[in-house]
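S.K.: Submitted below is the structure of interest, expressed as structure tokens.
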Amino acid sequence: MVKKLLAVGLFFVGLACMSASAEDGSRLWLRQDIAAQATVCCKLQSATLDKAKEELRKSWQGGPVILELCYDAEHTALGKEGYTIKTLSDSVRLGASSEAGLLYAAYHLLRLQETGAALERLDIKEKPAYDLRILNHWDNPDGTVERGYAGHSLWEWNELPETLSPRYEAYARANASIGINGTVLNNVNASPNMLESGNLKKVKALADVFRPYGIKVYLSVNFASPAVLGGLPNADPLDEGVFEWWKGKVKEIYSLIPDFGGFLVKANSEGQPGPCDYGRTHADGANMLARALKPYGGLVMWRAFVYNPTEHDRAKQAYAEFKPLDGTFLDNVIVQVKNGPIDFQPREPYSPLFTAMPHTSLMAELQITQEYLGHSNHLVFLAPMWKEFFGYVRPESLRAVAGVSNIGNEANWCGHDFAQANWYAFGRLAWNPRMSSEDIAEEWLKQTFADDSSFVCPMKKMMLESHEAAVSYMMPLGLHHIFAWNHHYGPEPWCEVEGARPDWLPSYYHQAGKDGIGFDRSSRTGSGATAQYPDSLARVFDNPQTCPDEFLLWFHHLPWDFKMKDGRTLWDALCCKYEDGLQTARKMQAVWTEMKPYVDAERYGRVAERLDIQVNDAVWWKDACLLYFQTFSGMKLPAGMEKPKHKLKDLKKVKLPISNYERPAREMLP
Ligand code: BDP
């Protein structure tokens, strides 16, 4: 790979992309040779086929490639986007029943080449698990990105539609290379202005760039738009005038963007307007929009992320509100449910809604951006976490998957060079949720860095251990939401904010006291959240003796000297988890140091700098949580643990001057 890059560098010294910051991370996992000049045969021509041909022509280093649209039984069975790849005696044949299928086949073939696969006897059939594999951008019209840690929004709204940044196409290409076929451009906390005619022209300009790459555009909409933007007296979904307003808006959108995908809606959640404002249900709201979109084939993705301050247990609320609506949504509505019942915590059990709405199309919302996992400072490979989810929720029970994007306008797209792996992993798992985390990590490492086992093996191991490590140094054994107020970066289990909703404060979740720690969600003495799971699982979660350790304090409030399965006290087990997490972070740093010979100086330096932050943060988390919880447990730290570096009273003074939109810099941290 290194040799290849040098050769390219010599031939293309004039190319802008190879100038001063060649290793700024902007090329992602798409670093193929661009001088291959392969023979590509394809009788047809179209914008999408041209992309496929071009990719192969410049990067494929084998014999001729034939691209064929095939409508035989084999290919039609593979669906709209499936494909075959076959090695023939003197060529490779890519077959699909659609142009997008051929584009995906082209990327697949190049991936095989870049990861060093044997190419002599290819006989591949691929069909994506889901028709809808979609990114959700939480980007605001003012250029900020909610929970985005890689700079500003990629969309230059002020310059659109006249000026098209070259990054739009690069973005579409990267997505297509991993099978992502949809993008919601704006924040779920949606500004009604997004639907103004002027803005729709900007959306159209982006849709035109993305279309050849098989990517459809969607928008988040504000449910009150008919009132706020349209001047109607209300936005009641059962009001005919409101429906007519949406119909008109939808018509306008489709006149500009004939393949527009549809709407994503956050309603009656965290202050957003919705049908409940008028005494209507979520189904009334979703179905009204669905009727407006139906004639054009558009979809409504209606979020189930709802909770209100009055309920006793936040983890139970989405289920309580949505389960009674099972079977009442129209067929072009998909209910979009976050993977866990609370909110993208470092680890959550799956949301019980996934096994409670058999008569409703459901999609999983995963979070690629690391809102609760160290922003773009920590190296945390998320595939193992998503695989854990798919271990409980059968992939076939879902209609689609969405991922909250971690992309911004920084040169390397995601802030942390290894956060690119999470974008990559999301795409690969959305295509095939049965792929292993190992295979995904390996593919990504080989394409992004080097195809050398001395690099790939240790780095793969490090990536695979990174999520468990982060959970351990932040919130082990089922602890959750003990973050600092608002920015969700550092620890603040003691956090109190005058007048704040209790369910926005850590003590609501950890319930630490002299008597023990954890949220009692058991059915006998607690909130009964366990009963929202299917019986067989509910029984397992309900009993602290059978509940998996990783969810113990999620479902149970237990005394500090509770005896764990291995005989240790809960306190000792908790301390050891924090210690393990920290020591794994230290190990990650040591492994990276050894990788120096395999990585260019720029990317090496950027990652090293962040690993340094990660280790310091792990110390901070461990000290803050253990010293604070120790004020209740009154127990000693087990022998052999690293001594606390900080004092609790000093850590309590730490207030990071950061917002929802930033990642903290090294100097701000304790
Ligand atoms: C939480 C975020 C908040 C989002 C919200 C949502 O903190 O910024 O708006 O979820 O998903 O995770 O709607």
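Naming works like this for the structure tokens: A, B, ... for the chains as they're shown, residue 1 at the start of each chain, ligands 1 onward in shown order.
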How would you report the residues lying within 8 Å of ligand 1, as a PyMOL selection string, if you count only C-alpha atoms and all ligand atoms?

M.R.: chain A and resi 138+146-147+187-189+266+269-270+305+343-344+371+486+488+660

S.K.: Selection from above, N, CA and C atoms, as a PDB file, in the first residue's frame, can you write it?

M.R.:
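Once written, out_5.pdb looks like this:
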ATOM      1  N   TRP A 138     -27.651  15.577  12.387  1.00  0.00           N
ATOM      2  CA  TRP A 138     -28.304  16.501  13.326  1.00  0.00           C
ATOM      3  C   TRP A 138     -27.755  17.909  13.065  1.00  0.00           C
ATOM      4  N   GLU A 146     -25.703  19.454  16.160  1.00  0.00           N
ATOM      5  CA  GLU A 146     -26.040  18.978  17.505  1.00  0.00           C
ATOM      6  C   GLU A 146     -25.317  17.653  17.743  1.00  0.00           C
ATOM      7  N   ARG A 147     -24.557  17.605  18.821  1.00  0.00           N
ATOM      8  CA  ARG A 147     -23.778  16.408  19.179  1.00  0.00           C
ATOM      9  C   ARG A 147     -22.785  16.032  18.083  1.00  0.00           C
ATOM     10  N   ASN A 187     -31.230  18.364  11.511  1.00  0.00           N
ATOM     11  CA  ASN A 187     -31.458  17.976  12.911  1.00  0.00           C
ATOM     12  C   ASN A 187     -32.913  17.552  13.160  1.00  0.00           C
ATOM     13  N   VAL A 188     -33.072  16.532  13.991  1.00  0.00           N
ATOM     14  CA  VAL A 188     -34.427  16.128  14.406  1.00  0.00           C
ATOM     15  C   VAL A 188     -35.111  17.235  15.213  1.00  0.00           C
ATOM     16  N   ASN A 189     -34.317  18.065  15.880  1.00  0.00           N
ATOM     17  CA  ASN A 189     -34.894  19.278  16.476  1.00  0.00           C
ATOM     18  C   ASN A 189     -34.971  20.279  15.324  1.00  0.00           C
ATOM     19  N   LYS A 266     -39.407  14.129  15.038  1.00  0.00           N
ATOM     20  CA  LYS A 266     -39.304  14.056  16.495  1.00  0.00           C
ATOM     21  C   LYS A 266     -40.472  14.880  17.019  1.00  0.00           C
ATOM     22  N   SER A 269     -41.369  15.485  22.166  1.00  0.00           N
ATOM     23  CA  SER A 269     -40.192  14.987  22.862  1.00  0.00           C
ATOM     24  C   SER A 269     -39.274  16.167  23.112  1.00  0.00           C
ATOM     25  N   GLU A 270     -38.821  16.309  24.338  1.00  0.00           N
ATOM     26  CA  GLU A 270     -37.884  17.372  24.705  1.00  0.00           C
ATOM     27  C   GLU A 270     -38.318  18.737  24.166  1.00  0.00           C
ATOM     28  N   PHE A 305     -38.570   8.293  20.499  1.00  0.00           N
ATOM     29  CA  PHE A 305     -37.761   8.827  21.608  1.00  0.00           C
ATOM     30  C   PHE A 305     -38.600   9.847  22.371  1.00  0.00           C
ATOM     31  N   ASP A 343     -31.143   6.515  26.259  1.00  0.00           N
ATOM     32  CA  ASP A 343     -30.603   7.477  25.301  1.00  0.00           C
ATOM     33  C   ASP A 343     -29.133   7.237  24.993  1.00  0.00           C
ATOM     34  N   PHE A 344     -28.832   6.295  24.126  1.00  0.00           N
ATOM     35  CA  PHE A 344     -27.470   6.131  23.614  1.00  0.00           C
ATOM     36  C   PHE A 344     -26.401   6.096  24.708  1.00  0.00           C
ATOM     37  N   GLU A 371     -21.743  10.862  21.344  1.00  0.00           N
ATOM     38  CA  GLU A 371     -22.261  11.816  22.330  1.00  0.00           C
ATOM     39  C   GLU A 371     -21.922  11.394  23.759  1.00  0.00           C
ATOM     40  N   ASN A 486     -25.523  18.501  30.481  1.00  0.00           N
ATOM     41  CA  ASN A 486     -25.607  19.031  29.123  1.00  0.00           C
ATOM     42  C   ASN A 486     -24.600  18.522  28.091  1.00  0.00           C
ATOM     43  N   HIS A 488     -22.396  16.071  28.251  1.00  0.00           N
ATOM     44  CA  HIS A 488     -22.295  14.610  28.219  1.00  0.00           C
ATOM     45  C   HIS A 488     -20.883  14.104  27.955  1.00  0.00           C
ATOM     46  N   ASN A 660     -22.925  21.846  23.396  1.00  0.00           N
ATOM     47  CA  ASN A 660     -23.371  20.635  22.697  1.00  0.00           C
ATOM     48  C   ASN A 660     -22.596  20.377  21.430  1.00  0.00           C
TER      49      ASN A 660
END

S.K.: Please return, as a PDB file with all heavy atoms, in the first residue's frame, all residues of region 200-253 of chain A that DSSP assigns to alpha helix (DSSP H) on the basis of the backbone.

M.R.:
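Dumped everything to result12.pdb:
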ATOM      1  N   LEU A 200     -35.615  24.566   0.105  1.00  0.00           N
ATOM      2  CA  LEU A 200     -35.879  23.330  -0.653  1.00  0.00           C
ATOM      3  C   LEU A 200     -35.038  23.296  -1.932  1.00  0.00           C
ATOM      4  O   LEU A 200     -34.606  22.230  -2.372  1.00  0.00           O
ATOM      5  CB  LEU A 200     -37.364  23.195  -0.960  1.00  0.00           C
ATOM      6  CG  LEU A 200     -38.254  22.976   0.276  1.00  0.00           C
ATOM      7  CD1 LEU A 200     -39.729  22.919  -0.114  1.00  0.00           C
ATOM      8  CD2 LEU A 200     -37.861  21.697   1.030  1.00  0.00           C
ATOM      9  N   LYS A 201     -34.760  24.467  -2.489  1.00  0.00           N
ATOM     10  CA  LYS A 201     -33.901  24.495  -3.690  1.00  0.00           C
ATOM     11  C   LYS A 201     -32.479  24.060  -3.335  1.00  0.00           C
ATOM     12  O   LYS A 201     -31.775  23.442  -4.121  1.00  0.00           O
ATOM     13  CB  LYS A 201     -33.895  25.891  -4.299  1.00  0.00           C
ATOM     14  CG  LYS A 201     -35.279  26.302  -4.789  1.00  0.00           C
ATOM     15  CD  LYS A 201     -35.213  27.318  -5.920  1.00  0.00           C
ATOM     16  CE  LYS A 201     -36.611  27.616  -6.456  1.00  0.00           C
ATOM     17  NZ  LYS A 201     -37.372  28.550  -5.588  1.00  0.00           N
ATOM     18  N   LYS A 202     -32.070  24.400  -2.126  1.00  0.00           N
ATOM     19  CA  LYS A 202     -30.736  23.972  -1.668  1.00  0.00           C
ATOM     20  C   LYS A 202     -30.712  22.452  -1.474  1.00  0.00           C
ATOM     21  O   LYS A 202     -29.750  21.775  -1.822  1.00  0.00           O
ATOM     22  CB  LYS A 202     -30.372  24.673  -0.353  1.00  0.00           C
ATOM     23  CG  LYS A 202     -30.291  26.193  -0.486  1.00  0.00           C
ATOM     24  CD  LYS A 202     -30.146  26.862   0.872  1.00  0.00           C
ATOM     25  CE  LYS A 202     -30.396  28.361   0.771  1.00  0.00           C
ATOM     26  NZ  LYS A 202     -29.224  29.174   0.853  1.00  0.00           N
ATOM     27  N   VAL A 203     -31.800  21.963  -0.918  1.00  0.00           N
ATOM     28  CA  VAL A 203     -31.904  20.511  -0.708  1.00  0.00           C
ATOM     29  C   VAL A 203     -31.865  19.804  -2.064  1.00  0.00           C
ATOM     30  O   VAL A 203     -31.198  18.778  -2.235  1.00  0.00           O
ATOM     31  CB  VAL A 203     -33.203  20.169   0.064  1.00  0.00           C
ATOM     32  CG1 VAL A 203     -33.415  18.674   0.143  1.00  0.00           C
ATOM     33  CG2 VAL A 203     -33.167  20.790   1.458  1.00  0.00           C
ATOM     34  N   LYS A 204     -32.559  20.380  -3.023  1.00  0.00           N
ATOM     35  CA  LYS A 204     -32.566  19.790  -4.370  1.00  0.00           C
ATOM     36  C   LYS A 204     -31.141  19.710  -4.944  1.00  0.00           C
ATOM     37  O   LYS A 204     -30.748  18.705  -5.548  1.00  0.00           O
ATOM     38  CB  LYS A 204     -33.451  20.618  -5.315  1.00  0.00           C
ATOM     39  CG  LYS A 204     -33.361  20.162  -6.771  1.00  0.00           C
ATOM     40  CD  LYS A 204     -33.898  21.217  -7.716  1.00  0.00           C
ATOM     41  CE  LYS A 204     -33.384  21.092  -9.145  1.00  0.00           C
ATOM     42  NZ  LYS A 204     -33.329  19.763  -9.711  1.00  0.00           N
ATOM     43  N   ALA A 205     -30.371  20.776  -4.717  1.00  0.00           N
ATOM     44  CA  ALA A 205     -29.000  20.785  -5.257  1.00  0.00           C
ATOM     45  C   ALA A 205     -28.192  19.623  -4.674  1.00  0.00           C
ATOM     46  O   ALA A 205     -27.436  18.946  -5.390  1.00  0.00           O
ATOM     47  CB  ALA A 205     -28.323  22.115  -4.941  1.00  0.00           C
ATOM     48  N   LEU A 206     -28.373  19.367  -3.383  1.00  0.00           N
ATOM     49  CA  LEU A 206     -27.650  18.242  -2.762  1.00  0.00           C
ATOM     50  C   LEU A 206     -28.184  16.912  -3.312  1.00  0.00           C
ATOM     51  O   LEU A 206     -27.406  16.004  -3.640  1.00  0.00           O
ATOM     52  CB  LEU A 206     -27.806  18.285  -1.239  1.00  0.00           C
ATOM     53  CG  LEU A 206     -27.057  19.418  -0.527  1.00  0.00           C
ATOM     54  CD1 LEU A 206     -27.401  19.446   0.958  1.00  0.00           C
ATOM     55  CD2 LEU A 206     -25.548  19.271  -0.713  1.00  0.00           C
ATOM     56  N   ALA A 207     -29.502  16.816  -3.431  1.00  0.00           N
ATOM     57  CA  ALA A 207     -30.095  15.566  -3.937  1.00  0.00           C
ATOM     58  C   ALA A 207     -29.549  15.242  -5.329  1.00  0.00           C
ATOM     59  O   ALA A 207     -29.291  14.076  -5.654  1.00  0.00           O
ATOM     60  CB  ALA A 207     -31.617  15.688  -3.969  1.00  0.00           C
ATOM     61  N   ASP A 208     -29.348  16.287  -6.138  1.00  0.00           N
ATOM     62  CA  ASP A 208     -28.829  16.064  -7.499  1.00  0.00           C
ATOM     63  C   ASP A 208     -27.399  15.504  -7.472  1.00  0.00           C
ATOM     64  O   ASP A 208     -27.026  14.691  -8.313  1.00  0.00           O
ATOM     65  CB  ASP A 208     -28.861  17.370  -8.304  1.00  0.00           C
ATOM     66  CG  ASP A 208     -30.295  17.790  -8.635  1.00  0.00           C
ATOM     67  OD1 ASP A 208     -31.204  16.936  -8.520  1.00  0.00           O
ATOM     68  OD2 ASP A 208     -30.508  18.973  -8.992  1.00  0.00           O
ATOM     69  N   VAL A 209     -26.623  15.960  -6.492  1.00  0.00           N
ATOM     70  CA  VAL A 209     -25.242  15.445  -6.395  1.00  0.00           C
ATOM     71  C   VAL A 209     -25.261  13.988  -5.907  1.00  0.00           C
ATOM     72  O   VAL A 209     -24.479  13.155  -6.352  1.00  0.00           O
ATOM     73  CB  VAL A 209     -24.399  16.302  -5.410  1.00  0.00           C
ATOM     74  CG1 VAL A 209     -23.001  15.722  -5.246  1.00  0.00           C
ATOM     75  CG2 VAL A 209     -24.332  17.744  -5.881  1.00  0.00           C
ATOM     76  N   PHE A 210     -26.171  13.692  -4.995  1.00  0.00           N
ATOM     77  CA  PHE A 210     -26.158  12.365  -4.363  1.00  0.00           C
ATOM     78  C   PHE A 210     -26.785  11.281  -5.242  1.00  0.00           C
ATOM     79  O   PHE A 210     -26.466  10.102  -5.108  1.00  0.00           O
ATOM     80  CB  PHE A 210     -26.925  12.395  -3.027  1.00  0.00           C
ATOM     81  CG  PHE A 210     -26.359  13.366  -2.016  1.00  0.00           C
ATOM     82  CD1 PHE A 210     -27.125  13.788  -0.933  1.00  0.00           C
ATOM     83  CD2 PHE A 210     -25.062  13.857  -2.131  1.00  0.00           C
ATOM     84  CE1 PHE A 210     -26.610  14.676   0.004  1.00  0.00           C
ATOM     85  CE2 PHE A 210     -24.544  14.761  -1.197  1.00  0.00           C
ATOM     86  CZ  PHE A 210     -25.330  15.166  -0.135  1.00  0.00           C
ATOM     87  N   SER A 225     -44.857  23.089  11.653  1.00  0.00           N
ATOM     88  CA  SER A 225     -44.571  23.893  10.450  1.00  0.00           C
ATOM     89  C   SER A 225     -45.810  24.565   9.844  1.00  0.00           C
ATOM     90  O   SER A 225     -45.734  25.733   9.448  1.00  0.00           O
ATOM     91  CB  SER A 225     -43.890  23.037   9.377  1.00  0.00           C
ATOM     92  OG  SER A 225     -42.673  22.558   9.863  1.00  0.00           O
ATOM     93  N   PRO A 226     -46.960  23.876   9.763  1.00  0.00           N
ATOM     94  CA  PRO A 226     -48.115  24.545   9.147  1.00  0.00           C
ATOM     95  C   PRO A 226     -48.478  25.836   9.884  1.00  0.00           C
ATOM     96  O   PRO A 226     -48.917  26.804   9.242  1.00  0.00           O
ATOM     97  CB  PRO A 226     -49.243  23.521   9.279  1.00  0.00           C
ATOM     98  CG  PRO A 226     -48.571  22.211   9.461  1.00  0.00           C
ATOM     99  CD  PRO A 226     -47.270  22.498  10.157  1.00  0.00           C
ATOM    100  N   ALA A 227     -48.271  25.852  11.204  1.00  0.00           N
ATOM    101  CA  ALA A 227     -48.591  27.060  11.967  1.00  0.00           C
ATOM    102  C   ALA A 227     -47.443  28.067  11.877  1.00  0.00           C
ATOM    103  O   ALA A 227     -47.640  29.226  11.519  1.00  0.00           O
ATOM    104  CB  ALA A 227     -48.868  26.697  13.423  1.00  0.00           C
ATOM    105  N   VAL A 228     -46.221  27.590  12.139  1.00  0.00           N
ATOM    106  CA  VAL A 228     -45.091  28.517  12.218  1.00  0.00           C
ATOM    107  C   VAL A 228     -44.709  29.063  10.845  1.00  0.00           C
ATOM    108  O   VAL A 228     -44.465  30.252  10.667  1.00  0.00           O
ATOM    109  CB  VAL A 228     -43.865  27.825  12.860  1.00  0.00           C
ATOM    110  CG1 VAL A 228     -42.722  28.806  13.050  1.00  0.00           C
ATOM    111  CG2 VAL A 228     -44.237  27.191  14.187  1.00  0.00           C
ATOM    112  N   GLU A 240     -58.350  19.433   8.582  1.00  0.00           N
ATOM    113  CA  GLU A 240     -58.230  19.274   7.123  1.00  0.00           C
ATOM    114  C   GLU A 240     -57.263  20.309   6.529  1.00  0.00           C
ATOM    115  O   GLU A 240     -56.477  20.007   5.624  1.00  0.00           O
ATOM    116  CB  GLU A 240     -59.625  19.396   6.493  1.00  0.00           C
ATOM    117  CG  GLU A 240     -59.976  18.489   5.326  1.00  0.00           C
ATOM    118  CD  GLU A 240     -59.204  17.159   5.184  1.00  0.00           C
ATOM    119  OE1 GLU A 240     -59.164  16.313   6.115  1.00  0.00           O
ATOM    120  OE2 GLU A 240     -58.626  16.983   4.092  1.00  0.00           O
ATOM    121  N   GLY A 241     -57.322  21.521   7.070  1.00  0.00           N
ATOM    122  CA  GLY A 241     -56.450  22.588   6.560  1.00  0.00           C
ATOM    123  C   GLY A 241     -54.980  22.258   6.771  1.00  0.00           C
ATOM    124  O   GLY A 241     -54.131  22.554   5.914  1.00  0.00           O
ATOM    125  N   VAL A 242     -54.711  21.641   7.887  1.00  0.00           N
ATOM    126  CA  VAL A 242     -53.322  21.259   8.195  1.00  0.00           C
ATOM    127  C   VAL A 242     -52.850  20.201   7.205  1.00  0.00           C
ATOM    128  O   VAL A 242     -51.760  20.290   6.633  1.00  0.00           O
ATOM    129  CB  VAL A 242     -53.218  20.744   9.661  1.00  0.00           C
ATOM    130  CG1 VAL A 242     -51.891  20.059   9.920  1.00  0.00           C
ATOM    131  CG2 VAL A 242     -53.444  21.904  10.625  1.00  0.00           C
ATOM    132  N   PHE A 243     -53.712  19.211   6.982  1.00  0.00           N
ATOM    133  CA  PHE A 243     -53.375  18.166   6.015  1.00  0.00           C
ATOM    134  C   PHE A 243     -53.138  18.779   4.621  1.00  0.00           C
ATOM    135  O   PHE A 243     -52.168  18.438   3.931  1.00  0.00           O
ATOM    136  CB  PHE A 243     -54.495  17.115   5.960  1.00  0.00           C
ATOM    137  CG  PHE A 243     -54.289  16.070   4.905  1.00  0.00           C
ATOM    138  CD1 PHE A 243     -53.167  15.235   4.932  1.00  0.00           C
ATOM    139  CD2 PHE A 243     -55.197  15.914   3.857  1.00  0.00           C
ATOM    140  CE1 PHE A 243     -52.960  14.281   3.949  1.00  0.00           C
ATOM    141  CE2 PHE A 243     -55.001  14.958   2.866  1.00  0.00           C
ATOM    142  CZ  PHE A 243     -53.877  14.142   2.921  1.00  0.00           C
ATOM    143  N   GLU A 244     -54.010  19.707   4.224  1.00  0.00           N
ATOM    144  CA  GLU A 244     -53.864  20.351   2.905  1.00  0.00           C
ATOM    145  C   GLU A 244     -52.523  21.089   2.816  1.00  0.00           C
ATOM    146  O   GLU A 244     -51.863  21.078   1.781  1.00  0.00           O
ATOM    147  CB  GLU A 244     -55.014  21.346   2.656  1.00  0.00           C
ATOM    148  CG  GLU A 244     -56.351  20.678   2.325  1.00  0.00           C
ATOM    149  CD  GLU A 244     -56.276  19.746   1.111  1.00  0.00           C
ATOM    150  OE1 GLU A 244     -55.622  20.117   0.112  1.00  0.00           O
ATOM    151  OE2 GLU A 244     -56.842  18.623   1.183  1.00  0.00           O
ATOM    152  N   TRP A 245     -52.133  21.715   3.924  1.00  0.00           N
ATOM    153  CA  TRP A 245     -50.850  22.436   3.916  1.00  0.00           C
ATOM    154  C   TRP A 245     -49.697  21.464   3.654  1.00  0.00           C
ATOM    155  O   TRP A 245     -48.838  21.708   2.815  1.00  0.00           O
ATOM    156  CB  TRP A 245     -50.632  23.170   5.249  1.00  0.00           C
ATOM    157  CG  TRP A 245     -49.413  24.037   5.194  1.00  0.00           C
ATOM    158  CD1 TRP A 245     -49.347  25.331   4.773  1.00  0.00           C
ATOM    159  CD2 TRP A 245     -48.064  23.649   5.526  1.00  0.00           C
ATOM    160  NE1 TRP A 245     -48.044  25.781   4.825  1.00  0.00           N
ATOM    161  CE2 TRP A 245     -47.228  24.769   5.286  1.00  0.00           C
ATOM    162  CE3 TRP A 245     -47.478  22.478   5.997  1.00  0.00           C
ATOM    163  CZ2 TRP A 245     -45.843  24.752   5.499  1.00  0.00           C
ATOM    164  CZ3 TRP A 245     -46.097  22.461   6.208  1.00  0.00           C
ATOM    165  CH2 TRP A 245     -45.296  23.586   5.960  1.00  0.00           C
ATOM    166  N   TRP A 246     -49.719  20.342   4.366  1.00  0.00           N
ATOM    167  CA  TRP A 246     -48.655  19.350   4.169  1.00  0.00           C
ATOM    168  C   TRP A 246     -48.697  18.798   2.748  1.00  0.00           C
ATOM    169  O   TRP A 246     -47.649  18.600   2.120  1.00  0.00           O
ATOM    170  CB  TRP A 246     -48.795  18.203   5.188  1.00  0.00           C
ATOM    171  CG  TRP A 246     -48.268  18.565   6.549  1.00  0.00           C
ATOM    172  CD1 TRP A 246     -49.007  18.775   7.676  1.00  0.00           C
ATOM    173  CD2 TRP A 246     -46.892  18.757   6.934  1.00  0.00           C
ATOM    174  NE1 TRP A 246     -48.193  19.090   8.732  1.00  0.00           N
ATOM    175  CE2 TRP A 246     -46.877  19.081   8.315  1.00  0.00           C
ATOM    176  CE3 TRP A 246     -45.681  18.696   6.264  1.00  0.00           C
ATOM    177  CZ2 TRP A 246     -45.702  19.330   9.025  1.00  0.00           C
ATOM    178  CZ3 TRP A 246     -44.509  18.938   6.967  1.00  0.00           C
ATOM    179  CH2 TRP A 246     -44.525  19.256   8.324  1.00  0.00           C
ATOM    180  N   LYS A 247     -49.912  18.569   2.250  1.00  0.00           N
ATOM    181  CA  LYS A 247     -50.031  18.037   0.875  1.00  0.00           C
ATOM    182  C   LYS A 247     -49.360  18.981  -0.117  1.00  0.00           C
ATOM    183  O   LYS A 247     -48.623  18.563  -1.014  1.00  0.00           O
ATOM    184  CB  LYS A 247     -51.513  17.888   0.512  1.00  0.00           C
ATOM    185  CG  LYS A 247     -51.928  16.441   0.329  1.00  0.00           C
ATOM    186  CD  LYS A 247     -53.416  16.287   0.158  1.00  0.00           C
ATOM    187  CE  LYS A 247     -53.913  16.766  -1.193  1.00  0.00           C
ATOM    188  NZ  LYS A 247     -55.360  16.519  -1.364  1.00  0.00           N
ATOM    189  N   GLY A 248     -49.625  20.279   0.086  1.00  0.00           N
ATOM    190  CA  GLY A 248     -49.038  21.286  -0.813  1.00  0.00           C
ATOM    191  C   GLY A 248     -47.516  21.293  -0.698  1.00  0.00           C
ATOM    192  O   GLY A 248     -46.797  21.368  -1.701  1.00  0.00           O
ATOM    193  N   LYS A 249     -47.030  21.199   0.523  1.00  0.00           N
ATOM    194  CA  LYS A 249     -45.583  21.226   0.743  1.00  0.00           C
ATOM    195  C   LYS A 249     -44.924  20.000   0.100  1.00  0.00           C
ATOM    196  O   LYS A 249     -43.895  20.097  -0.567  1.00  0.00           O
ATOM    197  CB  LYS A 249     -45.343  21.248   2.249  1.00  0.00           C
ATOM    198  CG  LYS A 249     -44.107  21.885   2.782  1.00  0.00           C
ATOM    199  CD  LYS A 249     -43.387  22.869   1.935  1.00  0.00           C
ATOM    200  CE  LYS A 249     -43.485  24.312   2.348  1.00  0.00           C
ATOM    201  NZ  LYS A 249     -42.802  25.249   1.457  1.00  0.00           N
ATOM    202  N   VAL A 250     -45.573  18.868   0.301  1.00  0.00           N
ATOM    203  CA  VAL A 250     -45.027  17.622  -0.259  1.00  0.00           C
ATOM    204  C   VAL A 250     -44.988  17.712  -1.790  1.00  0.00           C
ATOM    205  O   VAL A 250     -44.007  17.322  -2.429  1.00  0.00           O
ATOM    206  CB  VAL A 250     -45.872  16.424   0.236  1.00  0.00           C
ATOM    207  CG1 VAL A 250     -45.578  15.173  -0.572  1.00  0.00           C
ATOM    208  CG2 VAL A 250     -45.598  16.166   1.722  1.00  0.00           C
ATOM    209  N   LYS A 251     -46.048  18.269  -2.345  1.00  0.00           N
ATOM    210  CA  LYS A 251     -46.095  18.415  -3.810  1.00  0.00           C
ATOM    211  C   LYS A 251     -44.935  19.299  -4.290  1.00  0.00           C
ATOM    212  O   LYS A 251     -44.246  18.980  -5.273  1.00  0.00           O
ATOM    213  CB  LYS A 251     -47.437  19.042  -4.197  1.00  0.00           C
ATOM    214  CG  LYS A 251     -47.679  19.106  -5.664  1.00  0.00           C
ATOM    215  CD  LYS A 251     -49.081  19.546  -5.961  1.00  0.00           C
ATOM    216  CE  LYS A 251     -49.211  19.703  -7.473  1.00  0.00           C
ATOM    217  NZ  LYS A 251     -50.364  20.485  -7.846  1.00  0.00           N
ATOM    218  N   GLU A 252     -44.720  20.375  -3.575  1.00  0.00           N
ATOM    219  CA  GLU A 252     -43.619  21.289  -3.941  1.00  0.00           C
ATOM    220  C   GLU A 252     -42.269  20.547  -3.869  1.00  0.00           C
ATOM    221  O   GLU A 252     -41.442  20.656  -4.777  1.00  0.00           O
ATOM    222  CB  GLU A 252     -43.623  22.480  -2.968  1.00  0.00           C
ATOM    223  CG  GLU A 252     -42.539  23.496  -3.257  1.00  0.00           C
ATOM    224  CD  GLU A 252     -42.481  24.604  -2.192  1.00  0.00           C
ATOM    225  OE1 GLU A 252     -43.388  24.690  -1.330  1.00  0.00           O
ATOM    226  OE2 GLU A 252     -41.492  25.367  -2.224  1.00  0.00           O
ATOM    227  N   ILE A 253     -42.088  19.772  -2.807  1.00  0.00           N
ATOM    228  CA  ILE A 253     -40.818  19.045  -2.655  1.00  0.00           C
ATOM    229  C   ILE A 253     -40.621  18.075  -3.825  1.00  0.00           C
ATOM    230  O   ILE A 253     -39.547  18.032  -4.446  1.00  0.00           O
ATOM    231  CB  ILE A 253     -40.775  18.275  -1.307  1.00  0.00           C
ATOM    232  CG1 ILE A 253     -40.807  19.259  -0.136  1.00  0.00           C
ATOM    233  CG2 ILE A 253     -39.534  17.388  -1.219  1.00  0.00           C
ATOM    234  CD1 ILE A 253     -40.897  18.611   1.242  1.00  0.00           C
TER     235      ILE A 253
END

S.K.: Which residue gives the smallest distance to Gly415 (chain A) among A:Ala320, A:Leu651, A:Met435, A:Leu379, with only C-alpha atoms counted?

M.R.: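 Going through A:Ala320, A:Leu651, A:Met435, A:Leu379 one by one, the smallest distance to Gly415 (chain A) is for A:Leu379.
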
S.K.: Tell me which of A:Arg610, A:Arg568, A:Arg539, A:Lys643 sits closest to His416 (chain A), counting only C-alpha atoms.

M.R.: A:Arg610

S.K.: One decimal, Å: what's the distance from CA of Arg603 (chain A) over to CA of Asp24 (chain A), could you say?

M.R.: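 If I compute the distance from CA of Arg603 (chain A) to CA of Asp24 (chain A), I get 7.0 Å.
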